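Below: coords-v8.txt (compact mmCIF, C-alpha atoms)
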```
# COMPACT_ATOMS: atom_id res chain seq x y z
CA MET A 15 -50.43 11.76 26.71
CA LYS A 16 -53.49 12.28 24.52
CA SER A 17 -55.27 14.07 27.34
CA MET A 18 -52.32 16.43 27.75
CA VAL A 19 -52.35 17.23 24.05
CA TYR A 20 -56.12 17.74 24.15
CA ARG A 21 -55.84 20.12 27.12
CA ALA A 22 -53.05 22.04 25.36
CA TYR A 23 -55.10 22.46 22.20
CA ASN A 24 -58.05 23.69 24.23
CA ASN A 25 -55.98 26.07 26.32
CA PRO A 26 -56.95 29.64 25.25
CA LYS A 27 -53.33 30.86 25.35
CA TYR A 28 -52.09 27.93 23.28
CA ALA A 29 -54.93 28.35 20.80
CA LYS A 30 -54.09 32.02 20.38
CA ILE A 31 -50.39 31.29 19.87
CA LEU A 32 -51.28 28.61 17.32
CA GLN A 33 -53.64 30.97 15.51
CA TRP A 34 -51.01 33.71 15.26
CA SER A 35 -48.30 31.23 14.26
CA LYS A 36 -50.43 29.95 11.38
CA LEU A 37 -51.39 33.47 10.32
CA LEU A 38 -47.83 34.78 10.39
CA THR A 39 -46.47 31.66 8.67
CA VAL A 40 -48.99 31.82 5.84
CA THR A 41 -48.66 35.58 5.43
CA GLY A 42 -44.89 35.52 5.77
CA SER A 43 -44.56 32.70 3.24
CA ALA A 44 -46.69 34.54 0.70
CA GLN A 45 -44.74 37.75 1.23
CA LEU A 46 -41.51 35.79 0.87
CA VAL A 47 -42.74 34.64 -2.53
CA VAL A 48 -43.81 38.18 -3.49
CA GLN A 49 -40.59 39.81 -2.36
CA GLY A 50 -38.51 36.95 -3.74
CA ILE A 51 -40.03 37.44 -7.18
CA GLY A 52 -39.52 41.19 -6.75
CA LEU A 53 -35.88 40.61 -5.89
CA ILE A 54 -35.38 38.49 -9.01
CA SER A 55 -37.02 41.20 -11.11
CA GLY A 56 -34.80 43.81 -9.50
CA VAL A 57 -31.65 41.78 -10.10
CA ILE A 58 -32.59 41.38 -13.77
CA ILE A 59 -32.95 45.14 -14.04
CA ILE A 60 -29.64 45.76 -12.24
CA ARG A 61 -27.75 43.32 -14.44
CA LEU A 62 -29.25 44.40 -17.76
CA LEU A 63 -29.16 48.18 -17.35
CA SER A 64 -25.91 50.06 -17.71
CA THR A 65 -24.64 52.02 -14.72
CA GLN A 66 -25.87 55.27 -16.26
CA GLN A 67 -29.32 53.87 -17.10
CA TYR A 68 -29.67 52.28 -13.67
CA ALA A 69 -28.75 55.61 -12.05
CA LEU A 70 -31.66 57.23 -13.95
CA TYR A 71 -33.93 54.34 -12.98
CA THR A 72 -32.97 54.83 -9.31
CA ILE A 73 -33.73 58.55 -9.45
CA VAL A 74 -37.16 57.99 -11.02
CA ASN A 75 -38.09 55.25 -8.55
CA THR A 76 -37.07 57.57 -5.74
CA MET A 77 -39.20 60.29 -7.31
CA LEU A 78 -42.16 57.90 -7.54
CA GLY A 79 -41.86 57.27 -3.81
CA THR A 80 -41.92 61.01 -3.19
CA MET A 81 -44.96 61.49 -5.44
CA THR A 82 -46.78 58.63 -3.72
CA VAL A 83 -46.20 60.09 -0.26
CA LEU A 84 -47.38 63.53 -1.41
CA THR A 85 -50.46 62.03 -3.06
CA ASP A 86 -51.38 60.28 0.16
CA GLY A 87 -50.54 63.06 2.62
CA GLY A 88 -51.98 61.05 5.51
CA ILE A 89 -55.18 60.01 3.73
CA SER A 90 -54.45 56.29 4.14
CA SER A 91 -53.91 56.75 7.88
CA GLY A 92 -57.17 58.66 8.13
CA VAL A 93 -59.04 56.01 6.14
CA MET A 94 -57.56 53.24 8.30
CA ALA A 95 -58.53 55.09 11.48
CA GLN A 96 -62.10 55.76 10.27
CA GLY A 97 -62.47 52.39 8.59
CA GLY A 98 -61.42 50.68 11.82
CA LYS A 99 -64.54 52.10 13.46
CA VAL A 100 -67.00 50.90 10.80
CA TRP A 101 -65.13 47.95 9.28
CA ASN A 102 -68.12 45.62 9.70
CA ASP A 103 -70.63 47.89 7.90
CA ARG A 104 -70.42 47.67 4.08
CA GLN A 105 -72.18 50.99 3.44
CA LYS A 106 -70.33 53.02 6.07
CA LEU A 107 -66.98 51.53 5.08
CA GLY A 108 -67.85 52.35 1.46
CA ALA A 109 -68.48 55.97 2.37
CA VAL A 110 -65.09 56.15 4.08
CA MET A 111 -63.30 54.55 1.10
CA VAL A 112 -65.03 56.74 -1.51
CA THR A 113 -64.20 59.84 0.51
CA GLY A 114 -60.55 58.83 0.84
CA TYR A 115 -60.23 58.08 -2.88
CA ASN A 116 -61.81 61.42 -3.78
CA LEU A 117 -59.27 63.23 -1.61
CA ARG A 118 -56.41 61.27 -3.15
CA LYS A 119 -57.29 62.41 -6.68
CA LYS A 120 -57.17 66.02 -5.55
CA PHE A 121 -53.83 65.55 -3.80
CA ALA A 122 -52.37 63.93 -6.92
CA ILE A 123 -52.47 67.26 -8.78
CA GLY A 124 -50.40 68.99 -6.13
CA SER A 125 -48.00 66.06 -6.05
CA LEU A 126 -47.33 66.36 -9.79
CA LEU A 127 -46.80 70.12 -9.62
CA LEU A 128 -44.19 69.73 -6.89
CA SER A 129 -42.43 66.64 -8.18
CA ILE A 130 -42.09 67.06 -11.95
CA PRO A 131 -39.62 70.01 -11.89
CA LEU A 132 -37.42 68.26 -9.33
CA MET A 133 -37.43 65.01 -11.29
CA TYR A 134 -36.38 66.80 -14.48
CA TYR A 135 -33.58 68.58 -12.62
CA MET A 136 -32.22 65.33 -11.14
CA LEU A 137 -32.36 63.50 -14.48
CA LEU A 138 -30.65 66.33 -16.37
CA HIS A 139 -28.03 66.66 -13.62
CA GLN A 140 -27.13 62.98 -14.06
CA GLY A 141 -26.56 63.24 -17.81
CA SER A 142 -29.99 62.77 -19.33
CA ASP A 143 -31.21 65.09 -22.12
CA TRP A 144 -34.65 66.71 -22.35
CA LEU A 145 -36.06 64.13 -24.76
CA GLN A 146 -34.92 61.18 -22.67
CA ALA A 147 -36.19 62.83 -19.46
CA THR A 148 -39.61 63.38 -21.06
CA ILE A 149 -39.82 59.77 -22.24
CA ILE A 150 -38.91 58.61 -18.73
CA PHE A 151 -41.60 60.85 -17.22
CA ILE A 152 -44.24 59.43 -19.59
CA SER A 153 -43.15 55.91 -18.65
CA LEU A 154 -43.80 56.76 -15.00
CA ILE A 155 -47.51 57.55 -15.54
CA PRO A 156 -48.86 53.94 -15.16
CA SER A 157 -47.06 53.50 -11.83
CA PHE A 158 -48.30 56.86 -10.59
CA ILE A 159 -51.90 56.08 -11.56
CA ALA A 160 -51.63 52.77 -9.72
CA ALA A 161 -50.25 54.54 -6.66
CA LEU A 162 -53.44 56.62 -6.45
CA SER A 163 -55.54 53.68 -5.38
CA ASP A 164 -53.60 50.52 -4.50
CA SER A 165 -52.97 51.24 -0.81
CA LEU A 166 -56.55 52.46 -0.31
CA LEU A 167 -57.99 49.41 -2.04
CA GLU A 168 -55.89 47.20 0.21
CA THR A 169 -57.09 49.01 3.36
CA CYS A 170 -60.62 47.61 3.35
CA ILE A 171 -59.33 44.12 2.53
CA LYS A 172 -56.83 44.29 5.39
CA LEU A 173 -59.51 45.51 7.80
CA LYS A 174 -61.62 42.49 6.87
CA GLN A 175 -58.46 40.35 7.15
CA ASP A 176 -59.07 38.66 3.79
CA ILE A 177 -55.35 38.01 3.66
CA THR A 178 -55.41 35.08 1.23
CA SER A 179 -57.18 37.01 -1.54
CA LEU A 180 -54.89 40.00 -1.07
CA GLN A 181 -51.78 37.88 -1.27
CA LYS A 182 -52.93 36.05 -4.38
CA ASN A 183 -53.25 39.44 -6.05
CA GLN A 184 -49.81 40.52 -4.86
CA ILE A 185 -48.20 37.30 -6.12
CA ALA A 186 -49.92 37.65 -9.51
CA VAL A 187 -48.71 41.26 -9.89
CA ALA A 188 -45.15 40.28 -8.88
CA ALA A 189 -45.18 37.41 -11.39
CA LEU A 190 -46.36 39.69 -14.19
CA ARG A 191 -43.59 42.17 -13.36
CA LEU A 192 -41.04 39.36 -13.54
CA ILE A 193 -42.35 38.25 -16.94
CA ALA A 194 -42.39 41.84 -18.16
CA SER A 195 -38.78 42.39 -17.05
CA ALA A 196 -37.69 39.81 -19.64
CA PHE A 197 -38.34 42.45 -22.31
CA LEU A 198 -35.30 44.34 -20.99
CA PHE A 199 -33.10 41.82 -22.79
CA VAL A 200 -34.31 43.60 -25.94
CA THR A 201 -34.78 47.15 -24.56
CA PRO A 202 -32.25 47.72 -21.73
CA TRP A 203 -33.35 51.29 -20.97
CA ALA A 204 -34.56 52.98 -17.80
CA ALA A 205 -37.85 54.09 -19.40
CA ALA A 206 -38.67 50.52 -20.46
CA ALA A 207 -37.94 49.18 -16.97
CA ILE A 208 -40.24 51.80 -15.43
CA ILE A 209 -43.24 51.27 -17.70
CA LEU A 210 -42.90 47.47 -17.53
CA SER A 211 -43.13 47.80 -13.75
CA GLY A 212 -46.21 50.04 -13.81
CA ILE A 213 -48.51 48.12 -16.14
CA PRO A 214 -48.83 45.02 -13.88
CA ARG A 215 -49.74 47.33 -10.98
CA ILE A 216 -52.61 48.78 -13.01
CA TRP A 217 -53.88 45.25 -13.70
CA GLY A 218 -53.55 44.37 -10.02
CA ASN A 219 -55.58 47.40 -8.99
CA VAL A 220 -58.43 46.38 -11.28
CA LYS A 221 -58.49 43.00 -9.55
CA LEU A 222 -58.34 44.66 -6.12
CA ARG A 223 -61.32 46.84 -6.99
CA VAL A 224 -63.37 43.75 -7.88
CA LEU A 225 -62.24 42.01 -4.69
CA SER A 226 -63.08 45.02 -2.50
CA GLU A 227 -66.68 45.09 -3.72
CA LYS A 228 -67.46 42.19 -1.38
CA TYR A 229 -66.78 44.47 1.58
CA VAL A 230 -67.32 47.99 0.26
CA ASP A 231 -70.28 49.71 -1.34
CA TRP A 232 -68.53 51.95 -3.85
CA ASN A 233 -71.82 53.61 -4.82
CA GLN A 234 -71.84 55.61 -1.60
CA PRO A 235 -71.46 59.39 -1.92
CA VAL A 236 -68.62 61.35 -0.35
CA ASP A 237 -69.33 61.53 3.37
CA LYS A 238 -68.73 64.99 4.85
CA GLU A 239 -68.26 63.70 8.37
CA SER A 240 -65.73 61.09 7.25
CA GLN A 241 -63.99 63.71 5.12
CA SER A 242 -63.73 66.00 8.11
CA GLU A 243 -62.26 63.22 10.26
CA ILE A 244 -59.83 62.13 7.54
CA MET A 245 -58.77 65.74 6.93
CA SER A 246 -58.17 66.22 10.64
CA VAL A 247 -55.57 63.45 10.35
CA VAL A 248 -54.27 64.84 7.05
CA LYS A 249 -53.74 68.30 8.57
CA ARG A 250 -51.48 66.75 11.16
CA VAL A 251 -49.76 64.36 8.78
CA LEU A 252 -49.46 66.46 5.59
CA PRO A 253 -46.68 68.86 6.71
CA GLY A 254 -44.64 65.89 7.82
CA ALA A 255 -45.56 63.97 4.65
CA VAL A 256 -44.32 66.83 2.47
CA TYR A 257 -41.12 66.86 4.47
CA TYR A 258 -40.74 63.07 4.49
CA SER A 259 -41.45 62.81 0.78
CA PHE A 260 -38.05 64.42 0.31
CA SER A 261 -36.17 63.63 3.52
CA GLY A 262 -37.20 59.97 3.34
CA GLN A 263 -35.05 59.69 0.21
CA ILE A 264 -32.41 62.14 1.42
CA THR A 265 -29.53 59.75 0.76
CA THR A 266 -30.45 59.38 -2.91
CA TRP A 267 -31.03 63.12 -3.31
CA LEU A 268 -27.67 64.03 -1.76
CA ILE A 269 -25.64 61.39 -3.59
CA SER A 270 -27.34 62.44 -6.85
CA ILE A 271 -26.26 66.05 -6.30
CA PHE A 272 -22.81 65.53 -4.81
CA GLY A 273 -21.91 62.09 -6.19
CA ASN A 274 -21.67 60.54 -9.65
CA ASN A 275 -23.58 57.99 -11.74
CA SER A 276 -21.67 55.12 -10.18
CA SER A 277 -22.56 56.16 -6.61
CA VAL A 278 -26.22 56.66 -7.51
CA ALA A 279 -26.37 53.23 -9.17
CA GLN A 280 -24.61 51.60 -6.20
CA ILE A 281 -26.99 53.02 -3.61
CA GLY A 282 -29.90 51.97 -5.81
CA ALA A 283 -28.52 48.43 -6.12
CA LEU A 284 -27.95 48.14 -2.38
CA GLY A 285 -31.50 49.32 -1.86
CA ARG A 286 -32.67 46.25 -3.75
CA ILE A 287 -31.17 44.02 -1.05
CA THR A 288 -33.20 45.79 1.63
CA ILE A 289 -36.21 44.13 0.01
CA LEU A 290 -35.50 41.48 2.66
CA LEU A 291 -36.94 43.90 5.20
CA SER A 292 -39.87 44.68 2.91
CA ILE A 293 -41.19 41.23 3.79
CA LEU A 294 -41.48 42.37 7.39
CA THR A 295 -43.07 45.66 6.34
CA SER A 296 -45.65 43.88 4.19
CA VAL A 297 -46.57 41.36 6.89
CA PHE A 298 -46.71 44.15 9.43
CA GLY A 299 -48.97 46.36 7.33
CA THR A 300 -51.23 43.46 6.37
CA ILE A 301 -51.79 41.88 9.78
CA ILE A 302 -50.55 44.03 12.66
CA ILE A 303 -51.63 47.57 11.74
CA PRO A 304 -55.32 46.76 11.03
CA ARG A 305 -55.59 44.75 14.25
CA PHE A 306 -53.91 47.46 16.29
CA ALA A 307 -56.25 50.04 14.72
CA ARG A 308 -59.24 47.94 15.80
CA LEU A 309 -58.17 47.68 19.45
CA GLY A 310 -60.10 49.55 22.10
CA ASN A 311 -58.45 52.28 24.16
CA ASP A 312 -57.44 50.10 27.08
CA LYS A 313 -54.04 51.61 27.87
CA ARG A 314 -52.64 48.42 29.35
CA VAL A 315 -53.55 46.38 26.28
CA LEU A 316 -52.22 49.04 23.90
CA LEU A 317 -48.95 49.41 25.77
CA LYS A 318 -48.45 45.65 25.95
CA LYS A 319 -49.09 45.19 22.22
CA TYR A 320 -46.92 48.20 21.34
CA LEU A 321 -43.98 46.84 23.33
CA GLN A 322 -44.38 43.33 21.96
CA ILE A 323 -44.37 44.62 18.38
CA LEU A 324 -41.31 46.87 18.80
CA ILE A 325 -39.27 44.23 20.66
CA SER A 326 -40.13 41.58 18.06
CA LEU A 327 -39.15 43.86 15.17
CA SER A 328 -35.88 44.80 16.90
CA ILE A 329 -34.90 41.15 17.41
CA ILE A 330 -35.72 40.27 13.82
CA GLY A 331 -33.80 43.31 12.59
CA VAL A 332 -30.66 42.26 14.49
CA LEU A 333 -30.92 38.75 13.05
CA VAL A 334 -31.22 40.13 9.50
CA ILE A 335 -28.16 42.36 10.01
CA ALA A 336 -26.14 39.37 11.31
CA ILE A 337 -27.13 37.19 8.35
CA VAL A 338 -26.25 39.92 5.84
CA TRP A 339 -22.88 40.48 7.54
CA LEU A 340 -22.05 36.76 7.43
CA PHE A 341 -23.10 36.25 3.81
CA SER A 342 -22.41 39.67 2.28
CA SER A 343 -20.18 38.30 -0.49
CA GLN A 344 -22.76 35.74 -1.56
CA ILE A 345 -25.52 38.36 -1.52
CA LEU A 346 -23.47 40.80 -3.60
CA TRP A 347 -22.73 38.07 -6.13
CA VAL A 348 -26.42 38.20 -7.01
CA LEU A 349 -26.11 41.86 -8.03
CA GLY A 350 -23.22 41.21 -10.38
CA SER A 351 -19.54 42.11 -10.65
CA LYS A 352 -20.22 45.87 -10.77
CA TYR A 353 -21.20 45.77 -7.09
CA ALA A 354 -19.10 42.87 -5.77
CA THR A 355 -16.84 44.93 -3.46
CA LEU A 356 -19.56 46.70 -1.48
CA ASN A 357 -19.51 44.35 1.55
CA ASN A 358 -19.25 47.01 4.27
CA GLU A 359 -21.65 49.28 2.43
CA LEU A 360 -24.22 46.47 2.21
CA VAL A 361 -24.17 45.97 5.99
CA LEU A 362 -24.47 49.71 6.59
CA SER A 363 -27.42 49.87 4.21
CA ILE A 364 -29.23 47.09 6.10
CA VAL A 365 -28.54 48.76 9.46
CA GLY A 366 -30.08 52.01 8.23
CA SER A 367 -33.06 50.16 6.78
CA THR A 368 -33.62 48.37 10.09
CA PHE A 369 -33.86 51.67 11.94
CA SER A 370 -36.21 52.95 9.22
CA LEU A 371 -38.35 49.82 9.61
CA ILE A 372 -38.75 50.37 13.35
CA SER A 373 -39.42 54.08 12.87
CA GLY A 374 -42.01 53.43 10.17
CA ALA A 375 -43.68 50.69 12.21
CA SER A 376 -44.07 52.96 15.22
CA PHE A 377 -45.48 55.72 13.03
CA MET A 378 -47.98 53.38 11.35
CA LEU A 379 -49.14 52.04 14.70
CA THR A 380 -49.92 55.50 16.04
CA SER A 381 -51.21 57.12 12.85
CA GLY A 382 -53.44 54.10 12.23
CA ARG A 383 -55.29 55.13 15.37
CA GLY A 384 -55.39 58.79 14.39
CA TRP A 385 -52.52 59.81 16.69
CA VAL A 386 -50.01 62.05 14.94
CA LEU A 387 -47.23 64.09 16.53
CA ASN A 388 -47.32 67.82 15.88
CA PRO A 389 -45.47 68.17 12.55
CA VAL A 390 -43.60 71.22 13.79
CA ILE A 391 -41.91 69.05 16.42
CA THR A 392 -41.32 66.17 13.99
CA ILE A 393 -39.85 68.30 11.22
CA SER A 394 -37.75 70.40 13.60
CA ILE A 395 -36.11 67.34 15.14
CA ASN A 396 -35.39 65.78 11.74
CA ILE A 397 -34.06 68.97 10.15
CA LEU A 398 -31.68 69.42 13.07
CA ALA A 399 -30.56 65.80 12.63
CA ILE A 400 -29.99 66.29 8.89
CA ILE A 401 -27.99 69.49 9.42
CA ALA A 402 -25.88 67.80 12.08
CA GLY A 403 -25.36 64.78 9.83
CA ILE A 404 -24.23 66.90 6.86
CA PHE A 405 -21.54 68.48 9.02
CA LEU A 406 -20.52 65.23 10.71
CA PHE A 407 -20.25 62.90 7.69
CA ASP A 408 -18.78 63.00 4.19
CA ILE A 409 -21.94 62.87 2.07
CA SER A 410 -20.05 62.90 -1.23
CA THR A 411 -19.03 59.24 -0.79
CA LEU A 412 -21.19 56.13 -0.68
CA HIS A 413 -19.77 55.05 2.69
CA GLY A 414 -20.36 58.49 4.20
CA ILE A 415 -23.90 58.80 2.91
CA LEU A 416 -24.79 55.40 4.37
CA ILE A 417 -23.44 56.39 7.80
CA PHE A 418 -25.43 59.61 7.44
CA ASN A 419 -28.54 57.52 6.70
CA ILE A 420 -28.05 55.38 9.82
CA PHE A 421 -27.75 58.52 11.95
CA ILE A 422 -30.94 60.08 10.54
CA SER A 423 -32.91 56.82 10.75
CA ALA A 424 -31.85 56.24 14.36
CA VAL A 425 -33.00 59.72 15.38
CA GLN A 426 -36.34 59.18 13.65
CA ALA A 427 -36.81 55.80 15.32
CA VAL A 428 -36.16 57.18 18.81
CA ARG A 429 -38.53 60.08 18.21
CA ALA A 430 -41.31 57.84 16.83
CA ILE A 431 -41.03 55.31 19.67
CA ILE A 432 -41.12 57.95 22.40
CA TYR A 433 -44.19 59.56 20.83
CA GLY A 434 -45.90 56.17 20.69
CA PHE A 435 -45.55 55.77 24.46
CA ILE A 436 -46.79 59.31 25.04
CA ALA A 437 -49.79 58.83 22.71
CA ILE A 438 -50.81 55.61 24.44
CA SER A 439 -50.50 57.12 27.91
CA ASN A 440 -52.68 60.07 26.81
CA SER A 441 -55.36 57.97 25.09
CA SER A 442 -58.85 58.33 26.57
CA GLU A 443 -61.17 55.48 27.46
CA ILE A 444 -63.95 55.22 24.87
CA ASP A 445 -66.58 52.63 24.09
CA LYS A 446 -64.87 50.69 21.32
CA PRO A 447 -64.84 46.88 21.25
CA VAL A 448 -61.46 45.21 21.56
CA TYR A 449 -60.63 42.88 18.65
CA LYS A 450 -59.29 39.55 19.77
```
Translate the structure described by the file into structure tokens.
Amino acid sequence: MKSMVYRAYNNPKYAKILQWSKLLTVTGSAQLVVQGIGLISGVIIIRLLSTQQYALYTIVNTMLGTMTVLTDGGISSGVMAQGGKVWNDRQKLGAVMVTGYNLRKKFAIGSLLLSIPLMYYMLLHQGSDWLQATIIFISLIPSFIAALSDSLLETCIKLKQDITSLQKNQIAVAALRLIASAFLFVTPWAAAAIILSGIPRIWGNVKLRVLSEKYVDWNQPVDKESQSEIMSVVKRVLPGAVYYSFSGQITTWLISIFGNNSSVAQIGALGRITILLSILTSVFGTIIIPRFARLGNDKRVLLKKYLQILISLSIIGVLVIAIVWLFSSQILWVLGSKYATLNNELVLSIVGSTFSLISGASFMLTSGRGWVLNPVITISINILAIIAGIFLFDISTLHGILIFNIFISAVQAVRAIIYGFIAISNSSEIDKPVYK
């Protein structure tokens, strides 16, 4: 018996399975803590803010997502692709990181110019006045500043797979946000909720910068070659990023224009439940993407890994949908009586989020290797899907907008998956070591 156990432990396949099981368990557990704390913070905000204030909070959070995507514009994908080639060289990785951060600061200006007018329009359209809208915008500044650097700072740490240190930081930031949310008992306003969310992120970024210095030489100058390579990715990603910065939140935009405060607040509250899938996204971005980016261009290996990842995510997504369907009433109880009757809408929201998860995963896998579909093709397919969806579904109701979201997300997932197979089949053999 002991000899059988010994042989099993020394079997390369068993050892690899054990290694991945431990890694996924540890990472998943930490992300469960992070997202669990985030869910509690979100529930506190939902319960303490009035429907009108939570509608404004939802709009601003949606706008922050748009601003973040515009600020990145594909820079993170370019940095991941370039960093994956030099991840073991502190100076070269530093040059890549400094170059990416320099580009991000420039993109932030354009992001603000595009986003501020739209944010003001949405806030005023939902009943805010100019003074309140301005206060809310000012409260958004800490979160926006944090968004400039957090994903880039995490990139080098993920490439080095220093997962424990990264997760400690994430847990600390989540805990600070939870503590800060207690102030809403005194100040139950959207602006307070926004600024209390942003300040812990600033603190977390300071800690990330210190942590990254073990792996990155931040004293390196901007590298022209790296900048050229990153911009080559940005040029392919940016048109789609501009489009996705708005279309990615299309349900919130449409319900804000055609619906009322109640509908906006409801879709925002349901979005909090999809934080369950954020655990998968976080684990995926922390472990899978960097390792996939570091693989060599062996088509058989890439195709095998790509299929394994997509099938695994699909199975997990179906399980999550089934659990939410079975326990929808209990889950909605957490959100409070204002949202207790949204059982069907909750399931529809999770279905749409599952398709978005698969679509986003496929995109991150390909873009992390510098493979990006021609944005003309991407945008054309999605615009046609949106136009078709607007005519097919009643977007003035919460139920209709959620069905619309499932339709759009499914189209995006199919398009992203097909492109992934095409990109892998067209990849050329180059001399790049395979990470095992």
message: Measuring between all atoms listed in the file, which one of A:Met77, A:Leu127, A:Leu138, A:Ala161 shows the shortest distance to A:Tyr115?
response: A:Ala161
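Shortest atom-to-atom contact with A:Tyr134 among A:Met94, A:Ile73, A:Ile208, A:Leu333: A:Ile73, counting all atoms listed in the file.
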task: Report the distance between atom CA of A:Ile364 and atom CA of A:Ser423 in Å, rounded to one decimal place.
output: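 Straight-line distance from atom CA of A:Ile364 to atom CA of A:Ser423 works out to 11.4 Å.
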query: atom CA of A:Ser343 and atom CA of A:Val48, how far apart in Å?
result: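 Atom CA of A:Val48 sits 23.8 Å away from atom CA of A:Ser343.
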task: Enter the distance from atom CA of A:Ala402 to atom CA of A:Gln426, in Å, rounded to one decimal.
output: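 According to the coordinates, atom CA of A:Ala402 and atom CA of A:Gln426 are separated by 13.6 Å.
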With all atoms listed in the file counted and 12 Å as the cut-off, give the residues of stretch 169-272 of chain A in contact with stretch 298-318 of chain A, each with its shortest interatomic distance in Å and the pair that gives it, as a Markdown table.
```
| residue | atom | partner | partner_atom | distance |
| --- | --- | --- | --- | --- |
| A:Thr169 | CA | A:Pro304 | CA | 8.2 |
| A:Cys170 | CA | A:Pro304 | CA | 9.4 |
| A:Ile171 | CA | A:Thr300 | CA | 9.0 |
| A:Lys172 | CA | A:Thr300 | CA | 5.7 |
| A:Leu173 | CA | A:Pro304 | CA | 5.4 |
| A:Lys174 | CA | A:Pro304 | CA | 8.7 |
| A:Gln175 | CA | A:Ile301 | CA | 7.3 |
| A:Asp176 | CA | A:Thr300 | CA | 9.5 |
| A:Ile177 | CA | A:Thr300 | CA | 7.3 |
| A:Thr178 | CA | A:Thr300 | CA | 10.7 |
| A:Ser179 | CA | A:Thr300 | CA | 11.8 |
| A:Leu180 | CA | A:Thr300 | CA | 9.0 |
| A:Gln181 | CA | A:Thr300 | CA | 9.5 |
| A:Gln184 | CA | A:Thr300 | CA | 11.7 |
```
field: Long-range neighbours of A:Leu192 as a ChimeraX atom specification, 10 Å cut-off, only C-alpha atoms, 2 positions minimum in chain
entry: /A:51-56,58-59,186-190,194-197,210-211,214
Closest of A:Gln105, A:Asn357, A:Ser142, A:Ser328 to A:Lys228 - atom-to-atom distances counting all atoms listed in the file: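 Of all the options, A:Gln105 lies closest to A:Lys228.
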message: Would you pick out the contacts of A:Phe121 at 12 Å or less, using only C-alpha atoms, so that residues sharing its chain but fewer than 6 positions from it are not included, and give the list as a list in words?
response: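 My list of contacting residues is Met81, Thr82, Val83, Leu84, Thr85, Asp86, Gly87, Gly88, Ile89, Gly114, Tyr115, Leu127, Leu128, Ala161, Leu162, Met245, Val248, Leu252, Ala255 and Val256 of chain A.
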Output file for the residues above (C-alpha atoms, as a compact mmCIF listing (two decimals), in the coordinates of the input):
```
# COMPACT_ATOMS: atom_id res chain seq x y z
CA MET A 81 -44.96 61.49 -5.44
CA THR A 82 -46.78 58.63 -3.72
CA VAL A 83 -46.20 60.09 -0.26
CA LEU A 84 -47.38 63.53 -1.41
CA THR A 85 -50.46 62.03 -3.06
CA ASP A 86 -51.38 60.28 0.16
CA GLY A 87 -50.54 63.06 2.62
CA GLY A 88 -51.98 61.05 5.51
CA ILE A 89 -55.18 60.01 3.73
CA GLY A 114 -60.55 58.83 0.84
CA TYR A 115 -60.23 58.08 -2.88
CA LEU A 127 -46.80 70.12 -9.62
CA LEU A 128 -44.19 69.73 -6.89
CA ALA A 161 -50.25 54.54 -6.66
CA LEU A 162 -53.44 56.62 -6.45
CA MET A 245 -58.77 65.74 6.93
CA VAL A 248 -54.27 64.84 7.05
CA LEU A 252 -49.46 66.46 5.59
CA ALA A 255 -45.56 63.97 4.65
CA VAL A 256 -44.32 66.83 2.47
```
- prompt: Please, which residues are within 7 Å of (-26.3, 42.0, -11.4) by the file's coordinates, counting only C-alpha atoms, and could they come as a ChimeraX atom specification?
  reply: /A:57-58,60-61,348-351
- request: Mind listing whatever residues come within 10 Å of the point (-32.8, 49.6, -14.2)? Use all atoms listed in the file, file coordinates, and give them as a ChimeraX atom specification.
  value: /A:55-72,74-75,195,198,202-208,279,282-283
- request: Can you work out which one of A:Ser376, A:Ser163, A:Thr148, A:Thr355 has the shortest atom-to-atom distance to A:Ser90, counting only C-alpha atoms?
  value: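 Of A:Ser376, A:Ser163, A:Thr148, A:Thr355, the one nearest A:Ser90, counting only C-alpha atoms, is A:Ser163.
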Selected residue, from A:Lys221, A:Leu294, A:Asn116, A:Asn233, that lies nearest to A:Ser326 when counting all atoms listed in the file: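 Using all atoms listed in the file, A:Ser326 sits closest to A:Leu294.
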Best match for closeness to A:Ser394 among A:Pro156, A:Gly50, A:Pro253, A:Gly212, counting only C-alpha atoms: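 Ranked by minimum distance to A:Ser394, first place goes to A:Pro253.
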- prompt: So which residues touch A:Gly97 within 9 Å, counting all atoms listed in the file, skipping near sequence neighbours fewer than 2 positions away, as an MDAnalysis selection string?
  reply: chainID A and resid 92:95 99:102 106:108 110:111 169:170 173
message: So that I can check the surroundings of A:Ala424, please list as a list of chain:residue names every protein, DNA and RNA residue that reaches within 10 Å of it, counting only C-alpha atoms and ignoring chain neighbours fewer than 5 positions away.
response: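 Near A:Ala424, the qualifying residues are A:Val365, A:Gly366, A:Ser367, A:Thr368, A:Phe369, A:Ser370, A:Ile372, A:Ser373, A:Ala399, A:Asn419, A:Arg429, A:Ala430.
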- prompt: Which neighbours of A:Asn219 fall inside 9 Å, counting only C-alpha atoms, when residues of the same chain fewer than 6 positions from it are skipped, and could you give them as a PyMOL selection string?
  reply: chain A and resi 160+163-164+167+183
